[in-house]
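Quick look at target_26.cif (mmCIF, C-alpha atoms):
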```
data_work
#
loop_
_atom_site.group_PDB
_atom_site.id
_atom_site.type_symbol
_atom_site.label_atom_id
_atom_site.label_comp_id
_atom_site.auth_asym_id
_atom_site.auth_seq_id
_atom_site.Cartn_x
_atom_site.Cartn_y
_atom_site.Cartn_z
ATOM 1 C CA MET A 646 13.848 18.740 8.581
ATOM 2 C CA SER A 647 16.746 16.432 9.154
ATOM 3 C CA HIS A 648 16.545 12.758 8.667
ATOM 4 C CA TRP A 649 18.635 9.722 9.336
ATOM 5 C CA ALA A 650 19.100 9.136 5.642
ATOM 6 C CA ASP A 651 20.279 12.634 4.787
ATOM 7 C CA GLU A 652 23.896 11.641 4.932
ATOM 8 C CA SER A 653 23.559 8.467 2.951
ATOM 9 C CA LEU A 654 21.553 9.568 -0.063
ATOM 10 C CA ASP A 655 23.503 7.545 -2.538
ATOM 11 C CA ASP A 656 23.921 4.438 -0.473
ATOM 12 C CA ASP A 657 22.183 1.233 -1.178
ATOM 13 C CA PRO A 658 19.231 1.072 1.240
ATOM 14 C CA GLY A 659 20.641 -2.175 2.608
ATOM 15 C CA ASP A 660 23.732 -0.282 3.699
ATOM 16 C CA SER A 661 21.880 2.540 5.391
ATOM 17 C CA PHE A 662 22.474 3.264 9.028
ATOM 18 C CA VAL A 663 18.939 2.162 9.832
ATOM 19 C CA ARG A 664 17.659 -0.735 7.800
ATOM 20 C CA PRO A 665 14.377 0.250 6.142
ATOM 21 C CA TYR A 666 12.289 -2.512 7.660
ATOM 22 C CA THR A 667 13.457 -1.620 11.164
ATOM 23 C CA ILE A 668 11.141 1.382 10.922
ATOM 24 C CA THR A 669 8.247 -0.956 10.193
ATOM 25 C CA HIS A 670 9.184 -3.360 13.002
ATOM 26 C CA GLY A 671 10.029 -6.013 10.496
ATOM 27 C CA ARG A 672 6.843 -5.857 8.492
ATOM 28 C CA THR A 673 7.567 -6.109 4.794
ATOM 29 C CA THR A 674 4.068 -5.825 3.365
ATOM 30 C CA SER A 675 1.354 -3.284 3.973
ATOM 31 C CA ALA A 676 -1.897 -4.319 5.612
ATOM 32 C CA ARG A 677 -3.562 -2.570 2.679
ATOM 33 C CA ASP A 678 -2.923 -3.684 -0.861
ATOM 34 C CA ASP A 679 -4.704 -0.740 -2.478
ATOM 35 C CA LEU A 680 -2.007 1.878 -1.985
ATOM 36 C CA THR A 681 -0.215 2.846 -5.180
ATOM 37 C CA LEU A 682 2.565 5.213 -6.189
ATOM 38 C CA ILE A 683 0.028 7.881 -7.085
ATOM 39 C CA THR A 684 -2.527 7.368 -4.328
ATOM 40 C CA VAL A 685 -3.063 10.901 -3.044
ATOM 41 C CA ILE A 686 -2.829 11.050 0.719
ATOM 42 C CA THR A 687 -3.908 13.868 2.990
ATOM 43 C CA THR A 688 -3.516 14.444 6.707
ATOM 44 C CA LEU A 689 -6.865 14.714 8.439
ATOM 45 C CA ALA A 690 -7.601 17.314 11.043
ATOM 46 C CA PRO A 691 -7.085 15.912 14.539
ATOM 47 C CA ALA A 692 -10.172 14.241 15.914
ATOM 48 C CA ASP A 693 -11.186 13.812 19.542
ATOM 49 C CA HIS A 694 -12.001 10.149 19.206
ATOM 50 C CA ARG A 695 -8.603 9.290 17.821
ATOM 51 C CA PRO A 696 -6.470 7.209 20.143
ATOM 52 C CA PRO A 697 -3.310 8.965 21.325
ATOM 53 C CA ILE A 698 -0.174 8.596 19.267
ATOM 54 C CA ARG A 699 1.736 5.691 20.695
ATOM 55 C CA GLY A 700 4.108 3.365 18.962
ATOM 56 C CA LEU A 701 4.469 5.774 16.054
ATOM 57 C CA GLU A 702 7.912 6.190 14.578
ATOM 58 C CA PRO A 703 9.411 9.608 13.782
ATOM 59 C CA GLU A 704 8.732 8.773 10.133
ATOM 60 C CA HIS A 705 5.009 8.523 10.873
ATOM 61 C CA ARG A 706 5.068 12.063 12.236
ATOM 62 C CA LEU A 707 7.037 13.310 9.226
ATOM 63 C CA ILE A 708 4.395 11.826 6.950
ATOM 64 C CA LEU A 709 1.624 13.618 8.850
ATOM 65 C CA GLU A 710 3.543 16.887 8.437
ATOM 66 C CA GLN A 711 4.260 16.253 4.781
ATOM 67 C CA CYS A 712 0.650 15.504 3.876
ATOM 68 C CA ALA A 713 -0.943 18.626 5.341
ATOM 69 C CA ARG A 714 -1.492 19.361 1.657
ATOM 70 C CA PRO A 715 -2.596 16.446 -0.543
ATOM 71 C CA VAL A 716 0.414 14.671 -1.994
ATOM 72 C CA ALA A 717 1.085 11.428 -3.873
ATOM 73 C CA LEU A 718 2.569 8.506 -1.988
ATOM 74 C CA ALA A 719 5.627 8.524 -4.258
ATOM 75 C CA GLU A 720 6.321 12.129 -3.262
ATOM 76 C CA VAL A 721 6.188 11.189 0.416
ATOM 77 C CA ALA A 722 8.610 8.333 -0.197
ATOM 78 C CA ALA A 723 10.989 10.660 -2.050
ATOM 79 C CA ALA A 724 10.811 13.395 0.591
ATOM 80 C CA LEU A 725 11.535 10.939 3.404
ATOM 81 C CA ASN A 726 14.087 9.054 1.320
ATOM 82 C CA LEU A 727 12.325 5.794 2.105
ATOM 83 C CA PRO A 728 11.612 2.964 -0.307
ATOM 84 C CA VAL A 729 8.061 2.934 -1.638
ATOM 85 C CA ALA A 730 7.311 -0.407 0.040
ATOM 86 C CA VAL A 731 8.240 0.963 3.463
ATOM 87 C CA THR A 732 6.276 4.157 2.873
ATOM 88 C CA LYS A 733 3.189 2.125 2.001
ATOM 89 C CA ILE A 734 3.386 0.294 5.329
ATOM 90 C CA LEU A 735 3.725 3.526 7.310
ATOM 91 C CA VAL A 736 0.920 5.216 5.366
ATOM 92 C CA GLY A 737 -1.251 2.138 5.952
ATOM 93 C CA ASP A 738 -0.621 2.461 9.686
ATOM 94 C CA LEU A 739 -1.688 6.096 9.656
ATOM 95 C CA ILE A 740 -4.850 5.403 7.654
ATOM 96 C CA ALA A 741 -5.799 2.664 10.139
ATOM 97 C CA TRP A 742 -5.118 5.076 12.977
ATOM 98 C CA GLY A 743 -7.367 7.691 11.382
ATOM 99 C CA GLY A 744 -4.736 10.307 10.675
ATOM 100 C CA LEU A 745 -4.654 10.125 6.891
ATOM 101 C CA SER A 746 -7.109 9.820 4.074
ATOM 102 C CA ALA A 747 -6.219 8.152 0.798
ATOM 103 C CA ARG A 748 -7.587 8.836 -2.643
ATOM 104 C CA PRO A 749 -6.927 6.074 -5.153
ATOM 105 C CA PRO A 750 -5.773 6.982 -8.670
ATOM 106 C CA LEU A 751 -8.334 7.352 -11.366
ATOM 107 C CA ALA A 752 -9.298 3.923 -12.604
ATOM 108 C CA VAL A 753 -7.912 3.541 -16.107
ATOM 109 C CA ALA A 754 -8.569 0.067 -17.428
ATOM 110 C CA VAL A 755 -6.106 -1.210 -19.984
ATOM 111 C CA GLY A 756 -7.816 -1.644 -23.330
ATOM 112 C CA HIS A 757 -10.498 0.918 -22.544
ATOM 113 C CA ARG A 758 -10.209 4.500 -23.569
ATOM 114 C CA PRO A 759 -10.210 6.796 -20.549
ATOM 115 C CA ASP A 760 -13.080 9.185 -20.074
ATOM 116 C CA MET A 761 -13.174 11.840 -22.829
ATOM 117 C CA THR A 762 -13.720 14.660 -20.328
ATOM 118 C CA LEU A 763 -10.575 13.616 -18.497
ATOM 119 C CA LEU A 764 -8.546 13.513 -21.714
ATOM 120 C CA GLN A 765 -9.802 16.944 -22.757
ATOM 121 C CA ALA A 766 -8.858 18.353 -19.362
ATOM 122 C CA VAL A 767 -5.349 16.882 -19.637
ATOM 123 C CA ARG A 768 -4.957 18.176 -23.190
ATOM 124 C CA ASP A 769 -6.071 21.678 -22.221
ATOM 125 C CA GLY A 770 -3.731 21.611 -19.226
ATOM 126 C CA LEU A 771 -0.767 20.542 -21.354
ATOM 127 C CA ARG A 772 -1.465 23.264 -23.903
ATOM 128 C CA ARG A 773 -1.100 25.823 -21.145
ATOM 129 C CA LEU A 774 2.441 24.631 -20.373
ATOM 130 C CA MET B 107 -15.922 7.491 8.321
ATOM 131 C CA ALA B 108 -13.711 10.452 7.858
ATOM 132 C CA TYR B 109 -10.998 8.475 6.150
ATOM 133 C CA ASP B 110 -13.253 6.605 3.790
ATOM 134 C CA ASP B 111 -11.797 6.438 0.298
ATOM 135 C CA SER B 112 -15.043 6.913 -1.538
ATOM 136 C CA ASP B 113 -15.525 10.639 -1.222
ATOM 137 C CA ARG B 114 -13.251 13.561 -1.856
ATOM 138 C CA PRO B 115 -11.306 13.749 1.332
ATOM 139 C CA GLU B 116 -10.340 17.088 2.745
ATOM 140 C CA GLY B 117 -7.021 17.872 4.299
ATOM 141 C CA ALA B 118 -6.369 19.582 7.579
ATOM 142 C CA ASP B 119 -6.416 22.905 5.729
ATOM 143 C CA GLY B 120 -9.713 22.064 4.051
ATOM 144 C CA ALA B 121 -8.219 21.671 0.566
ATOM 145 C CA PRO B 122 -9.874 18.846 -1.345
ATOM 146 C CA ALA B 123 -7.554 16.119 -2.552
ATOM 147 C CA PRO B 124 -7.089 15.833 -6.316
ATOM 148 C CA THR B 125 -7.099 12.541 -8.144
ATOM 149 C CA ALA B 126 -3.997 11.470 -9.954
ATOM 150 C CA VAL B 127 -3.155 9.755 -13.208
ATOM 151 C CA LYS B 128 0.254 8.964 -14.563
ATOM 152 C CA VAL B 129 2.164 8.776 -17.778
ATOM 153 C CA LEU B 130 5.185 6.501 -18.023
ATOM 154 C CA ILE B 131 8.325 7.747 -19.726
ATOM 155 C CA ALA B 132 10.253 4.730 -20.950
ATOM 156 C CA GLY B 133 13.241 3.909 -23.106
ATOM 157 C CA GLY B 134 16.798 2.735 -22.756
ATOM 158 C CA PHE B 135 19.408 4.022 -20.361
ATOM 159 C CA GLY B 136 20.605 7.551 -21.060
ATOM 160 C CA VAL B 137 17.941 8.253 -23.650
ATOM 161 C CA GLY B 138 16.610 11.337 -21.869
ATOM 162 C CA LYS B 139 13.810 10.128 -19.589
ATOM 163 C CA THR B 140 14.844 12.271 -16.661
ATOM 164 C CA THR B 141 15.514 15.193 -19.007
ATOM 165 C CA MET B 142 11.955 14.945 -20.260
ATOM 166 C CA VAL B 143 10.495 14.680 -16.765
ATOM 167 C CA GLY B 144 12.550 17.700 -15.735
ATOM 168 C CA THR B 145 11.519 19.930 -18.629
ATOM 169 C CA VAL B 146 7.758 19.611 -18.125
ATOM 170 C CA SER B 147 7.458 18.946 -14.395
ATOM 171 C CA GLU B 148 6.427 21.794 -12.117
ATOM 172 C CA ILE B 149 8.744 20.403 -9.431
ATOM 173 C CA ALA B 150 12.387 19.361 -9.697
ATOM 174 C CA PRO B 151 12.351 15.647 -10.537
ATOM 175 C CA LEU B 152 12.174 13.466 -7.438
ATOM 176 C CA ARG B 153 13.713 10.059 -7.051
ATOM 177 C CA THR B 154 12.272 7.101 -5.262
ATOM 178 C CA GLU B 155 13.009 3.429 -4.957
ATOM 179 C CA GLU B 156 10.816 0.397 -5.169
ATOM 180 C CA TYR B 157 11.679 -3.130 -4.091
ATOM 181 C CA LEU B 158 10.418 -5.783 -6.456
ATOM 182 C CA THR B 159 10.158 -9.386 -5.504
ATOM 183 C CA VAL B 160 11.405 -11.494 -8.344
ATOM 184 C CA ALA B 161 11.354 -15.216 -8.798
ATOM 185 C CA GLY B 162 14.790 -16.500 -8.023
ATOM 186 C CA VAL B 163 17.307 -16.745 -10.794
ATOM 187 C CA GLY B 164 19.623 -19.666 -10.439
ATOM 188 C CA VAL B 165 17.146 -21.204 -8.030
ATOM 189 C CA ASP B 166 18.351 -23.724 -5.532
ATOM 190 C CA ASP B 167 15.719 -26.330 -6.214
ATOM 191 C CA VAL B 168 15.947 -28.245 -2.941
ATOM 192 C CA GLU B 169 12.551 -29.791 -2.111
ATOM 193 C CA GLY B 170 10.805 -27.552 -4.601
ATOM 194 C CA VAL B 171 11.122 -24.430 -2.505
ATOM 195 C CA ALA B 172 11.311 -21.592 -4.965
ATOM 196 C CA GLU B 173 13.624 -18.888 -3.759
ATOM 197 C CA LYS B 174 12.630 -15.300 -4.170
ATOM 198 C CA GLY B 175 14.960 -12.428 -4.523
ATOM 199 C CA THR B 176 14.477 -8.709 -4.226
ATOM 200 C CA THR B 177 15.673 -6.174 -6.703
ATOM 201 C CA THR B 178 15.684 -2.437 -6.234
ATOM 202 C CA VAL B 179 14.556 -0.167 -9.029
ATOM 203 C CA ALA B 180 14.872 3.615 -8.964
ATOM 204 C CA MET B 181 12.446 5.989 -10.614
ATOM 205 C CA ASP B 182 12.585 9.688 -11.301
ATOM 206 C CA PHE B 183 9.252 11.387 -11.421
ATOM 207 C CA GLY B 184 7.630 14.779 -11.774
ATOM 208 C CA ARG B 185 4.241 16.399 -11.557
ATOM 209 C CA ILE B 186 1.952 18.553 -13.686
ATOM 210 C CA THR B 187 -1.077 20.012 -11.932
ATOM 211 C CA ILE B 188 -3.848 20.192 -14.505
ATOM 212 C CA SER B 189 -6.514 21.568 -12.172
ATOM 213 C CA PRO B 190 -7.318 21.499 -8.448
ATOM 214 C CA GLU B 191 -9.034 18.180 -9.133
ATOM 215 C CA LEU B 192 -6.478 16.509 -11.389
ATOM 216 C CA VAL B 193 -2.744 15.927 -11.265
ATOM 217 C CA VAL B 194 -0.637 14.109 -13.864
ATOM 218 C CA TYR B 195 2.486 12.356 -12.616
ATOM 219 C CA LEU B 196 5.280 11.512 -15.025
ATOM 220 C CA PHE B 197 7.343 8.484 -14.089
ATOM 221 C CA GLY B 198 10.632 7.706 -15.737
ATOM 222 C CA THR B 199 10.714 3.924 -15.704
ATOM 223 C CA PRO B 200 13.865 2.066 -14.809
ATOM 224 C CA GLY B 201 15.343 0.234 -17.763
ATOM 225 C CA GLN B 202 14.964 -3.332 -16.473
ATOM 226 C CA GLU B 203 11.900 -4.196 -18.566
ATOM 227 C CA ARG B 204 11.992 -7.853 -17.593
ATOM 228 C CA PHE B 205 10.890 -6.851 -14.103
ATOM 229 C CA TRP B 206 7.956 -4.727 -15.239
ATOM 230 C CA PHE B 207 5.686 -7.732 -15.685
ATOM 231 C CA MET B 208 5.835 -8.405 -11.926
ATOM 232 C CA TRP B 209 5.175 -4.789 -11.051
ATOM 233 C CA ASP B 210 1.434 -4.155 -11.023
ATOM 234 C CA ASP B 211 1.806 -0.710 -9.493
ATOM 235 C CA LEU B 212 3.639 0.461 -12.592
ATOM 236 C CA VAL B 213 0.448 0.519 -14.660
ATOM 237 C CA HIS B 214 -2.048 1.574 -11.945
ATOM 238 C CA GLY B 215 -3.837 4.719 -13.072
ATOM 239 C CA CYS B 216 -1.639 4.934 -16.152
ATOM 240 C CA LEU B 217 -3.022 6.757 -19.181
ATOM 241 C CA GLY B 218 -0.259 5.637 -21.482
ATOM 242 C CA ALA B 219 3.434 5.921 -22.174
ATOM 243 C CA VAL B 220 6.033 7.886 -24.066
ATOM 244 C CA VAL B 221 8.814 5.631 -25.360
ATOM 245 C CA LEU B 222 11.973 7.609 -25.987
ATOM 246 C CA ALA B 223 14.500 6.428 -28.522
ATOM 247 C CA ASP B 224 18.001 7.335 -29.562
ATOM 248 C CA THR B 225 18.682 6.683 -33.250
ATOM 249 C CA ARG B 226 22.213 5.450 -32.534
ATOM 250 C CA ARG B 227 20.899 2.621 -30.377
ATOM 251 C CA LEU B 228 17.271 2.015 -31.180
ATOM 252 C CA GLN B 229 17.554 -1.504 -29.812
ATOM 253 C CA SER B 230 17.627 -0.121 -26.269
ATOM 254 C CA SER B 231 13.969 0.861 -26.719
ATOM 255 C CA PHE B 232 12.776 -2.551 -27.958
ATOM 256 C CA GLY B 233 11.986 -3.798 -24.439
ATOM 257 C CA ALA B 234 9.691 -0.887 -23.654
ATOM 258 C CA VAL B 235 7.856 -1.155 -26.992
ATOM 259 C CA ASP B 236 7.335 -4.886 -26.437
ATOM 260 C CA PHE B 237 6.031 -4.363 -22.931
ATOM 261 C CA PHE B 238 3.445 -1.728 -23.839
ATOM 262 C CA GLU B 239 2.300 -3.636 -26.913
ATOM 263 C CA SER B 240 1.835 -6.811 -24.884
ATOM 264 C CA ARG B 241 -0.088 -4.967 -22.180
ATOM 265 C CA GLY B 242 -2.276 -3.121 -24.690
ATOM 266 C CA MET B 243 -1.033 0.161 -23.237
ATOM 267 C CA PRO B 244 -1.195 3.081 -25.699
ATOM 268 C CA PHE B 245 2.101 4.825 -26.370
ATOM 269 C CA VAL B 246 3.848 7.313 -28.612
ATOM 270 C CA VAL B 247 7.508 7.300 -29.629
ATOM 271 C CA GLY B 248 9.783 10.296 -29.233
ATOM 272 C CA VAL B 249 13.099 10.308 -31.071
ATOM 273 C CA ASN B 250 15.630 12.494 -29.340
ATOM 274 C CA CYS B 251 17.617 14.573 -31.805
ATOM 275 C CA PHE B 252 20.251 16.604 -29.993
ATOM 276 C CA ASP B 253 20.858 19.974 -31.623
ATOM 277 C CA GLY B 254 18.411 19.161 -34.384
ATOM 278 C CA ARG B 255 20.580 16.403 -35.845
ATOM 279 C CA GLN B 256 18.284 13.899 -37.462
ATOM 280 C CA GLU B 257 20.153 10.728 -38.280
ATOM 281 C CA ARG B 258 17.133 8.639 -39.211
ATOM 282 C CA THR B 259 13.795 9.432 -40.755
ATOM 283 C CA VAL B 260 10.477 8.708 -39.082
ATOM 284 C CA PRO B 261 9.707 5.826 -41.497
ATOM 285 C CA GLU B 262 13.119 4.291 -40.729
ATOM 286 C CA VAL B 263 12.436 4.445 -37.000
ATOM 287 C CA ARG B 264 9.000 2.946 -37.539
ATOM 288 C CA VAL B 265 10.459 -0.012 -39.402
ATOM 289 C CA ALA B 266 13.356 -0.481 -36.977
ATOM 290 C CA LEU B 267 11.017 -0.538 -33.961
ATOM 291 C CA ASP B 268 8.383 -2.557 -35.864
ATOM 292 C CA LEU B 269 5.624 -0.148 -34.836
ATOM 293 C CA ASP B 270 1.956 -0.399 -35.674
ATOM 294 C CA PRO B 271 1.002 2.238 -38.258
ATOM 295 C CA GLY B 272 -1.199 4.048 -35.742
ATOM 296 C CA VAL B 273 1.594 4.744 -33.242
ATOM 297 C CA PRO B 274 2.630 8.407 -33.462
ATOM 298 C CA VAL B 275 6.366 9.048 -33.882
ATOM 299 C CA LEU B 276 7.778 12.505 -33.202
ATOM 300 C CA MET B 277 11.323 13.819 -33.548
ATOM 301 C CA GLY B 278 12.819 16.649 -31.593
ATOM 302 C CA ASP B 279 15.174 17.854 -28.918
ATOM 303 C CA LEU B 280 14.112 16.697 -25.459
ATOM 304 C CA ARG B 281 15.907 19.564 -23.815
ATOM 305 C CA GLN B 282 13.242 21.794 -25.338
ATOM 306 C CA ARG B 283 10.212 21.937 -23.130
ATOM 307 C CA SER B 284 7.985 22.321 -26.189
ATOM 308 C CA PHE B 285 9.048 18.913 -27.538
ATOM 309 C CA SER B 286 8.318 17.154 -24.250
ATOM 310 C CA ARG B 287 4.957 18.867 -24.116
ATOM 311 C CA ASP B 288 4.217 17.938 -27.734
ATOM 312 C CA LEU B 289 4.956 14.283 -26.962
ATOM 313 C CA LEU B 290 2.483 14.311 -24.082
ATOM 314 C CA LEU B 291 -0.087 16.094 -26.250
ATOM 315 C CA ALA B 292 0.455 13.524 -29.003
ATOM 316 C CA LEU B 293 -0.217 10.755 -26.466
ATOM 317 C CA VAL B 294 -3.434 12.372 -25.245
ATOM 318 C CA GLU B 295 -4.621 13.003 -28.803
ATOM 319 C CA HIS B 296 -3.709 9.412 -29.695
ATOM 320 C CA LEU B 297 -5.874 8.246 -26.786
ATOM 321 C CA MET B 298 -8.740 10.488 -27.873
ATOM 322 C CA ALA B 299 -8.566 9.179 -31.423
ATOM 323 C CA GLU B 300 -8.661 5.534 -30.363
ATOM 324 C CA ARG B 301 -11.807 3.747 -31.261
ATOM 325 C CA ASP B 302 -14.059 3.157 -28.343
ATOM 326 C CA PRO B 303 -13.762 -0.530 -27.529
ATOM 327 C CA VAL B 304 -17.479 -0.670 -26.763
ATOM 328 C CA ARG B 305 -19.322 -0.476 -30.066
ATOM 329 C CA VAL B 306 -22.775 1.045 -30.227
ATOM 330 C CA ARG B 307 -25.148 -1.352 -31.916
#
```
I need this file expressed as structure tokens, please.
Amino acid sequence: MSHWADESLDDDPGDSFVRPYTITHGRTTSARDDLTLITVITTLAPADHRPPIRGLEPEHRLILEQCARPVALAEVAAALNLPVAVTKILVGDLIAWGGLSARPPLAVAVGHRPDMTLLQAVRDGLRRL
Amino acid sequence: MAYDDSDRPEGADGAPAPTAVKVLIAGGFGVGKTTMVGTVSEIAPLRTEEYLTVAGVGVDDVEGVAEKGTTTVAMDFGRITISPELVVYLFGTPGQERFWFMWDDLVHGCLGAVVLADTRRLQSSFGAVDFFESRGMPFVVGVNCFDGRQERTVPEVRVALDLDPGVPVLMGDLRQRSFSRDLLLALVEHLMAERDPVRVR
């Protein structure tokens, strides 16, 4: 899978051949404010009622390919070599379009101990490493 | 609706989506954050960039219009799949702690942090310790001892970093996977041992 940014991995994004916010048509903030680095996103099976793909950028299609298996938003950003902010906008587009589902991270409130079952599961998982 | 967030969504291949939590790996530049991510992650560490909007420094105060600037921070991260339902992401935090306060996403879904320290320049870990203390975010401290050289003792590190007595401090070689794993285990056990904030009457 080739990408416009493949040849400029180490460049400052501002110096890239395509400026990041060109992909988003100048939008700098996502319509959704609930997407995080570790929101798990998954491509949904095509549905009949979904409007046809129009106005989608190549990056939108790459995201749909990438998320055939559930994957965190940060992983999508890294794979496409796009800044997280840009990825959030594109993912927001695809959720609105009906092509992606999003699962928010587990709510962990600061100052409250996370669920004991969760902690035990993490501990057991780490011990297997 | 099919893309509702509330239920466990299924992908095109029918696999249910796991939920994710994260652990932050913090500490000064060159202290071994990416090394730690790399030793325990099931994938080669990935890099991504985030733009943060920061209140202007050296603001041009014409008519009270506050200028905003954007700074780019890079993060290396990795992944540990605990079960089909649960994935832990490890994020190496960029060293510019002064920006972390404006970065809500940093602490979303975060269980806690591992602050790495190098005994030759402990001061480079002060910023991370301050941040997690001020946010009430649980953390453990890992002192990286290359080749088993231990130049400070645990009590010395504790005093130098001004740590609360309850904060676990471990020493070891970060290039060893077992040490990275032990740090994460120490964090989880630290979380389990914390008193429940809601007291039973």
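Matched in the shown structure by the PyMOL selection byres ((chain B and resi 289) around 9): Val220, Val246, Val247, Gly248, Val275, Leu276, Ser284, Phe285, Ser286, Arg287, Asp288, Leu290, Leu291, Ala292, Leu293 and Val294 of chain B.
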Report, in Å to a single decimal, how far apart CA of Arg281 in chain B and CA of Val721 in chain A are. 27.4 Å
Counting only C-alpha atoms, a student should be able to say which residues of chain A come within 8 Å of chain B; what is the right answer, written as a PyMOL selection string? chain A and resi 681-691+713-715+717+719-720+722-723+726-730+740+743-759+761+764+766-768+770-772+774
Would you translate the PyMOL selection byres ((chain A and resi 739) around 12) into the concrete set of residues it matches in this file, as number ranges by chain? A: 675-677, 686-689, 695-696, 698-702, 704-709, 712, 732-738, 740-747; B: 109
Please measure the separation of CA of Asp678 in chain A and CA of Phe205 in chain B, giving the value in Å to one decimal. 19.4 Å
When the PyMOL selection byres ((chain B and resi 252) around 12) is applied to the structure above, which residues does it catch, written out as a list in words? Val137, Gly138, Ala223, Asp224, Thr225, Arg226, Val249, Asn250, Cys251, Asp253, Gly254, Arg255, Gln256, Glu257, Met277, Gly278, Asp279, Leu280, Arg281, Gln282 and Phe285 of chain B
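Between CA of Ala219 in chain B and CA of Val260 in chain B the interatomic distance comes to 18.5 Å.
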Listed atoms of range 669-673 of chain A, axis-aligned box, 4 Å per side: centre and edge lengths to one decimal in Å, as JSON?
```
{"center_x": 8.4, "center_y": -3.5, "center_z": 8.9, "size_x": 11.2, "size_y": 13.2, "size_z": 16.2}
```
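Proximity of B:Val273, B:Leu196, B:Leu222, B:Val143 to Leu130 in chain B, computed with all atoms listed in the file, is greatest for B:Leu196.
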Incomplete range 743-759 of chain A filled out to N, CA and C atoms as an mmCIF file, in the coordinates of the input:
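Heads up, here's the output in part_32.cif:
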```
data_model
loop_
_atom_site.group_PDB
_atom_site.id
_atom_site.type_symbol
_atom_site.label_atom_id
_atom_site.label_comp_id
_atom_site.auth_asym_id
_atom_site.auth_seq_id
_atom_site.Cartn_x
_atom_site.Cartn_y
_atom_site.Cartn_z
ATOM 1 N N GLY A 743 -6.412 6.607 11.610
ATOM 2 C CA GLY A 743 -7.367 7.691 11.382
ATOM 3 C C GLY A 743 -6.717 9.031 11.129
ATOM 4 N N GLY A 744 -5.444 9.043 10.864
ATOM 5 C CA GLY A 744 -4.736 10.307 10.675
ATOM 6 C C GLY A 744 -4.588 10.737 9.224
ATOM 7 N N LEU A 745 -4.835 9.817 8.314
ATOM 8 C CA LEU A 745 -4.654 10.125 6.891
ATOM 9 C C LEU A 745 -5.858 9.634 6.098
ATOM 10 N N SER A 746 -6.152 10.352 5.041
ATOM 11 C CA SER A 746 -7.109 9.820 4.074
ATOM 12 C C SER A 746 -6.351 9.485 2.802
ATOM 13 N N ALA A 747 -6.877 8.562 2.037
ATOM 14 C CA ALA A 747 -6.219 8.152 0.798
ATOM 15 C C ALA A 747 -7.202 8.233 -0.355
ATOM 16 N N ARG A 748 -6.755 8.788 -1.450
ATOM 17 C CA ARG A 748 -7.587 8.836 -2.643
ATOM 18 C C ARG A 748 -6.913 8.010 -3.727
ATOM 19 N N PRO A 749 -7.559 6.930 -4.153
ATOM 20 C CA PRO A 749 -6.927 6.074 -5.153
ATOM 21 C C PRO A 749 -6.802 6.796 -6.490
ATOM 22 N N PRO A 750 -5.877 6.363 -7.343
ATOM 23 C CA PRO A 750 -5.773 6.982 -8.670
ATOM 24 C C PRO A 750 -7.028 6.722 -9.477
ATOM 25 N N LEU A 751 -7.205 7.540 -10.476
ATOM 26 C CA LEU A 751 -8.334 7.352 -11.366
ATOM 27 C C LEU A 751 -8.230 5.972 -12.008
ATOM 28 N N ALA A 752 -9.326 5.262 -12.014
ATOM 29 C CA ALA A 752 -9.298 3.923 -12.604
ATOM 30 C C ALA A 752 -9.176 4.047 -14.119
ATOM 31 N N VAL A 753 -8.103 3.559 -14.657
ATOM 32 C CA VAL A 753 -7.912 3.541 -16.107
ATOM 33 C C VAL A 753 -7.692 2.083 -16.485
ATOM 34 N N ALA A 754 -8.696 1.480 -17.081
ATOM 35 C CA ALA A 754 -8.569 0.067 -17.428
ATOM 36 C C ALA A 754 -7.820 -0.068 -18.745
ATOM 37 N N VAL A 755 -6.869 -0.963 -18.758
ATOM 38 C CA VAL A 755 -6.106 -1.210 -19.984
ATOM 39 C C VAL A 755 -7.061 -1.745 -21.051
ATOM 40 N N GLY A 756 -6.960 -1.201 -22.238
ATOM 41 C CA GLY A 756 -7.816 -1.644 -23.330
ATOM 42 C C GLY A 756 -9.102 -0.836 -23.441
ATOM 43 N N HIS A 757 -9.331 0.047 -22.461
ATOM 44 C CA HIS A 757 -10.498 0.918 -22.544
ATOM 45 C C HIS A 757 -10.033 2.362 -22.586
ATOM 46 N N ARG A 758 -10.611 3.109 -23.485
ATOM 47 C CA ARG A 758 -10.209 4.500 -23.569
ATOM 48 C C ARG A 758 -10.671 5.224 -22.304
ATOM 49 N N PRO A 759 -9.783 6.030 -21.725
ATOM 50 C CA PRO A 759 -10.210 6.796 -20.549
ATOM 51 C C PRO A 759 -11.330 7.766 -20.934
#
```
